[in-house]
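Below is one structure, written out as structure tokens, with a few remarks after it.
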Amino acid sequence: MRYAFRSALAAVLIMSVAACANDKTTAASSGGNPAIGVDLPRADSDFWNSYAKYVPKFATELGINMMPPTNSQNDVAKLVANTQALVSQGAKAIVMAPQDTGAIATTLDTLAGKKIPVVSVDTRPDKGKVFMVVRADNRAYGQKACEFLGQKLNGQGKVIEFQGSLSSINGRDRSEAFADCMKTKFPGITVFAEPTEWEGAKAAAALQTRLAQHPDIKGIYMQAGGVFLAPTLQVLKSKNLLVPPTDPKHIFVVSNDGIPQEYASIRKGEIDATVSQPADLYAKYALFYAKAALDGKTFQPGPTDHDSTIVDVGNGTLEDQLAAPLVTKDNVDDKTLWGNQI
């Protein structure tokens with residue numbers, strides 16, 4: 001079945017909604033409207049902070065009885081504890097974004113045993129039952145980044161890649177797709193793949209080291225602009241390499257996230273492209289599917305009414321793969337991009 005949604009409203013701050021939730025009612029006491037618990041994965045990323053602002057907005061729009069969100073701070077142990085607390089307080093469905101996708105299986109099994117549906121946002125757990133995964137095609141992120149840099153470098157030169165955590169399906173997908181594309185399409189490009197665990201400080205240190213060893217590096221792939229953008233720009237500026245694309249010293253940079261800060265850098269000529277992860281649609285459809293699960297609705301693989309496709313990724317796990325466009329100077333001012341709406 002297809003389900004229509006009302007148009008987006010202006011984003012509101014998550015703390016104000018949490019306060020209203022506490023003032024009006026306890027999470028589990030809203031009559032016949034079951035409570036939905038939401039765990040935010042981290043607060044040190046501009047992308048996830050944007051997602052956090054969209055969550056209460058769409059909860060209101062969809063008429064959801066949302067509990068005050070928790071934040072697991074990129075720590076799977078905290079995610080487990082937060083989930084247990086939400087369930088003990090009356091949550092009948094859970095929305096989460098596990099950053100370590102291999103370590104959440106036991107918690108998912110426990111929730112399944114209690115018939116509490118789970119929607120996983122942006123990441124797909126390696127094991128365990130979820131009602132729906134709301135995610136974009138992360139292999140496409142790596143592919144698009146590879147093709148962009150390969151063309152800008154004319155198939156020759158050196159590139160540094162800030163890999164996300166390889167304990168995350170997102171880090172693996174982006175890294176594997178980038179490596180496969182470079183190997184098959186641009187064998188003349190040398191890639192320095194740097195593990196970062198999604199930490200900006202590690203990316204900055206790796207960039208410092210690689211530029212000292214290889215001052216002829218001409219490309220950077222950042223798998224998460226929300227954590228890598230600021231430290232990368234700082235390093236490039238300190239080495240007098242933060243120059244426009246017309247300057248021979250310019251290092252071509254492609255990112256992933258689609259946050260406003262990346263768009264500002266594209267306009268300035270500091271970076272060259274990013275893949276826009278739909279933070280707004282992540283929030284909207286995560287909550288939609290959580291509510292649908294509680295309403296007894298089911299879904300099948302195939303096209304949706306919101307320009308995405310639900311796919312069976314194995315073992316009956318369904319994933320709604322949302323669109324994630326490449327953004328460059330040519331379309332950075334597109335008003336339909338969520339990063340231009342907040």
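For the structure tokens, the naming scheme is as follows: chains receive sequential letters (A, B, ...) according to their order of presentation, residues are indexed from 1 within each chain, and ligands are indexed from 1 in presentation order.
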### Task
Skip segment 323-337 of chain A itself and residues of its chain fewer than 5 positions away, then list as a VMD selection string all residues within 10 Å of it, counting only C-alpha atoms.
chain A and resid 135 to 138 140 to 141 144 to 145 148 254 to 260 262 to 269 271 to 278 280 to 281 306 to 309 342
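By only C-alpha atoms, and with residues fewer than 4 positions from Phe131 of chain A along its chain excluded, the set lying at most 7 Å from it is A:Pro117, A:Val118, A:Val119.
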The selected residues should be written to file as a PDB file, in the first residue's frame (atoms: N, CA and C atoms).
ATOM      1  N   PRO A 117       8.328  -3.629  17.928  1.00  0.00           N
ATOM      2  CA  PRO A 117       8.976  -3.440  16.626  1.00  0.00           C
ATOM      3  C   PRO A 117      10.057  -2.370  16.677  1.00  0.00           C
ATOM      4  N   VAL A 118      11.067  -2.560  15.824  1.00  0.00           N
ATOM      5  CA  VAL A 118      12.201  -1.644  15.760  1.00  0.00           C
ATOM      6  C   VAL A 118      12.352  -1.132  14.336  1.00  0.00           C
ATOM      7  N   VAL A 119      12.572   0.163  14.207  1.00  0.00           N
ATOM      8  CA  VAL A 119      12.957   0.766  12.933  1.00  0.00           C
ATOM      9  C   VAL A 119      14.392   1.259  13.087  1.00  0.00           C
TER      10      VAL A 119
END
### Task
Please report, as an MDAnalysis selection string, each residue of segment 65-214 of chain A to which DSSP assigns strand (DSSP E) when run on this structure's backbone.
chainID A and resid 65:66 70:71 91:96 118:121 132:136 157:163 189:195
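Here the question is which of A:Met67, A:Ala224, A:Ile169, A:Ile217 gets nearest to Val191 of chain A using only C-alpha atoms, and that residue is A:Ile217.
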### Task
Give me, please, the distance in Å between atom CA of Thr304 of chain A and atom CA of Thr60 of chain A, quoted to one decimal.
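Result for atom CA of Thr304 of chain A versus atom CA of Thr60 of chain A: 22.6 Å, one decimal.
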### Message
Env of Asn71 of chain A: 8 Å cut, atoms = only C-alpha atoms, seq-sep filter 5 positions within chain, self excluded. Answer as JSON, numbers by chain.
### Response
{"A": [39, 40, 41, 42, 43, 79, 82]}
### Closest of A:Trp48, A:Tyr289, A:Phe252, A:Tyr282 to Gln73 of chain A - atom-to-atom distances counting only C-alpha atoms
A:Trp48
#### Entry: Interatomic distance (Å, one decimal) between atom CA of Asp46 of chain A and atom CA of Val227 of chain A
7.1 Å
### Task
Give the helix (DSSP H, G or I) residues of segment 4-201 of chain A, as DSSP finds them on the backbone, and put them as a ChimeraX atom specification.
/A:14-24,46-61,76-88,105-113,138-152,169-185,200-201
### Task
In Å, rounded to a single decimal, give me how far atom CA of Pro248 of chain A is from atom CA of His214 of chain A.
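One can read the atom CA of His214 of chain A to atom CA of Pro248 of chain A distance as 16.0 Å.
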### Query
Near Ile189 of chain A, within 8 Å and counting only C-alpha atoms, which residues show up once chain neighbours fewer than 4 positions away are dropped, as a list in words?
Gly150, Gly155, Gln156, Gly157, Lys158, Val159 and Met182 of chain A
### Message
Under the rule that only C-alpha atoms are counted, which of A:Asn74, A:Thr246, A:Gln163, A:Ser168 is the nearest residue to Pro125 of chain A?
### Response
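Using only C-alpha atoms, the shortest distance to Pro125 of chain A belongs to A:Ser168.
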